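Structure record follows, encoded as structure tokens.
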Amino acid sequence: MSPNPPPSPFVAGHDATLLEEVKNRLRDVPDFPKPGILFKDITPVLADPHLFHRVVDAMAAPFRGQRIDRVVAVESRGFLFGAPIALTLHAGFAPARKPGKLPWRTRTERYALEYGEDGLQLHEDAVGRGNRVLIVDDLLATGGTAQATQRLVTALGAEVVGYSFLISLDFLPGRERLGRDKVCSLLSY
């Protein structure tokens, strides 16, 4: 057996009760941020400290024992899960932010949006050569943002061990784009 087996695509040890509680707490907001989008509002999950703690534990679970050095979370809702997951895994935390939001020397990665492009930045010392990194965000859709984060991390010499999301929209190509065996999500739609 390999000393570092790949994480399961599903959260190990989660129970149906946790999944139902999270589903029941997520708030669907139609036509936000634009017409035709059904937004999954996570704030009711965050408002319940017991549920929030259980969600963080479940999102971290597949990566326990994976020797994660750094959790890199994507702006901005990813920070809400990334920082406590880093603490749970005894790892450092680094924010991947929109351009111009970090105060020190940065590395930038541009990525395509449906109409146009955007970018993310990491501090040049956010991860080190050989670091084992977990990328965290609240939602996986097409995978463009997470893939841009992965390119930043690997450009700085670190290895992406996996990705942890609260929600994965599996009717979109995010899992395939990032590698199905590296993506873990608590809920899939």
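Identifiers in this document derive from the order of the structure tokens: chains are assigned A, B, ..., residues are numbered from 1 separately in each chain, and ligands are numbered from 1 in order of occurrence.
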
Next item on the list: Would you kindly return, as a ChimeraX atom specification, each protein, DNA or RNA residue with an atom no farther than 9 Å from any atom of A:Tyr163, considering only C-alpha atoms and excluding same-chain residues fewer than 3 positions away?
Entry: /A:133-137,146,160,178,182-185

Could you turn the residues from that selection into a file that holds N, CA, C and O atoms, as a JSON list (two decimals), in the first residue's frame?
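Once written, part.json looks like this:
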[["chain", "number", "residue", "atom", "x", "y", "z"],
["A", 133, "VAL", "N", 0.21, 20.75, -0.79],
["A", 133, "VAL", "CA", -0.83, 21.76, -0.69],
["A", 133, "VAL", "C", -2.21, 21.17, -0.95],
["A", 133, "VAL", "O", -2.41, 20.37, -1.87],
["A", 134, "LEU", "N", -3.17, 21.61, -0.13],
["A", 134, "LEU", "CA", -4.58, 21.34, -0.32],
["A", 134, "LEU", "C", -5.25, 22.65, -0.74],
["A", 134, "LEU", "O", -5.07, 23.67, -0.07],
["A", 135, "ILE", "N", -5.99, 22.64, -1.84],
["A", 135, "ILE", "CA", -6.72, 23.81, -2.31],
["A", 135, "ILE", "C", -8.17, 23.67, -1.86],
["A", 135, "ILE", "O", -8.79, 22.62, -2.06],
["A", 136, "VAL", "N", -8.71, 24.76, -1.26],
["A", 136, "VAL", "CA", -10.05, 24.73, -0.68],
["A", 136, "VAL", "C", -10.89, 25.88, -1.25],
["A", 136, "VAL", "O", -10.41, 27.01, -1.37],
["A", 137, "ASP", "N", -12.15, 25.57, -1.54],
["A", 137, "ASP", "CA", -13.13, 26.60, -1.91],
["A", 137, "ASP", "C", -14.50, 26.06, -1.52],
["A", 137, "ASP", "O", -14.65, 24.88, -1.19],
["A", 146, "ALA", "N", -10.11, 27.06, -9.50],
["A", 146, "ALA", "CA", -9.26, 26.10, -8.80],
["A", 146, "ALA", "C", -8.05, 25.72, -9.65],
["A", 146, "ALA", "O", -6.94, 25.57, -9.13],
["A", 160, "VAL", "N", 0.25, 20.00, -5.51],
["A", 160, "VAL", "CA", -1.15, 19.98, -5.11],
["A", 160, "VAL", "C", -1.54, 18.54, -4.83],
["A", 160, "VAL", "O", -1.54, 17.69, -5.72],
["A", 178, "LEU", "N", -9.96, 19.02, -12.98],
["A", 178, "LEU", "CA", -8.98, 18.98, -11.90],
["A", 178, "LEU", "C", -8.42, 17.59, -11.65],
["A", 178, "LEU", "O", -7.38, 17.45, -11.01],
["A", 182, "LYS", "N", -8.56, 13.60, -7.31],
["A", 182, "LYS", "CA", -8.02, 14.60, -6.38],
["A", 182, "LYS", "C", -9.11, 15.47, -5.76],
["A", 182, "LYS", "O", -8.84, 16.25, -4.86],
["A", 183, "VAL", "N", -10.36, 15.37, -6.26],
["A", 183, "VAL", "CA", -11.44, 16.25, -5.83],
["A", 183, "VAL", "C", -12.32, 15.58, -4.80],
["A", 183, "VAL", "O", -12.85, 14.49, -5.04],
["A", 184, "CYS", "N", -12.50, 16.24, -3.66],
["A", 184, "CYS", "CA", -13.43, 15.79, -2.64],
["A", 184, "CYS", "C", -14.46, 16.89, -2.40],
["A", 184, "CYS", "O", -14.10, 18.07, -2.36],
["A", 185, "SER", "N", -15.72, 16.50, -2.28],
["A", 185, "SER", "CA", -16.76, 17.47, -1.94],
["A", 185, "SER", "C", -17.75, 16.81, -1.00],
["A", 185, "SER", "O", -17.97, 15.60, -1.07]]

Next item on the list: Find the residues near A:Ser76: any atom within 12 Å, counting only C-alpha atoms, skip ones fewer than 2 places away on the same chain, and give them as a list in words.
Entry: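 Using only C-alpha atoms, the neighbours found are Val72, Ala73, Val74, Gly78, Phe79, Leu80, Phe81, Gly82, Ala83, Pro95, Ala96, Arg97, Lys98, Lys101, Leu120, Val136, Asp137, Asp138, Leu139 and Thr145 of chain A.
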
Item checked: Computed interatomic separation between atom CA of A:Leu26 and atom CA of A:Thr43 (Å) ->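 Distance between the two atoms: 7.6 Å.
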
Note to self: Need the shell around A:Glu159: protein/DNA/RNA residues with any atom at most 8 Å away, counting only C-alpha atoms. Skip same-chain ones fewer than 4 positions apart. Format as a PyMOL selection string?
What the structure shows: chain A and resi 130-133+153-154

Writer output for current selection, N, CA, C and O atoms, as a PDB file, in the first residue's frame:
ATOM      1  N   GLY A 130       8.404  22.043  -2.788  1.00  0.00           N
ATOM      2  CA  GLY A 130       8.192  20.744  -2.158  1.00  0.00           C
ATOM      3  C   GLY A 130       7.036  20.702  -1.166  1.00  0.00           C
ATOM      4  O   GLY A 130       6.693  19.619  -0.687  1.00  0.00           O
ATOM      5  N   ASN A 131       6.418  21.842  -0.850  1.00  0.00           N
ATOM      6  CA  ASN A 131       5.260  21.823   0.049  1.00  0.00           C
ATOM      7  C   ASN A 131       4.137  20.992  -0.558  1.00  0.00           C
ATOM      8  O   ASN A 131       3.944  20.973  -1.768  1.00  0.00           O
ATOM      9  N   ARG A 132       3.401  20.338   0.323  1.00  0.00           N
ATOM     10  CA  ARG A 132       2.210  19.570  -0.070  1.00  0.00           C
ATOM     11  C   ARG A 132       0.996  20.437   0.244  1.00  0.00           C
ATOM     12  O   ARG A 132       0.786  20.806   1.395  1.00  0.00           O
ATOM     13  N   VAL A 133       0.214  20.749  -0.791  1.00  0.00           N
ATOM     14  CA  VAL A 133      -0.832  21.762  -0.693  1.00  0.00           C
ATOM     15  C   VAL A 133      -2.212  21.170  -0.949  1.00  0.00           C
ATOM     16  O   VAL A 133      -2.405  20.370  -1.867  1.00  0.00           O
ATOM     17  N   VAL A 153       0.253  27.538  -7.458  1.00  0.00           N
ATOM     18  CA  VAL A 153       0.930  26.701  -6.461  1.00  0.00           C
ATOM     19  C   VAL A 153       2.094  25.938  -7.093  1.00  0.00           C
ATOM     20  O   VAL A 153       3.210  25.929  -6.555  1.00  0.00           O
ATOM     21  N   THR A 154       1.865  25.329  -8.238  1.00  0.00           N
ATOM     22  CA  THR A 154       2.936  24.542  -8.857  1.00  0.00           C
ATOM     23  C   THR A 154       4.032  25.443  -9.428  1.00  0.00           C
ATOM     24  O   THR A 154       5.200  25.054  -9.442  1.00  0.00           O
TER      25      THR A 154
END

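Nearest to A:Glu109 of all the residues A:Pro35, A:Gly157, A:Pro30, A:Gly144 is A:Gly144, based on only C-alpha atoms.
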
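The spacing separating atom CA of A:Leu18 from atom CA of A:Ile167 amounts to 13.5 Å.
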
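For the atom pair formed by atom CA of A:Phe165 and atom CA of A:Asp69, the distance is 18.2 Å, given to one decimal.
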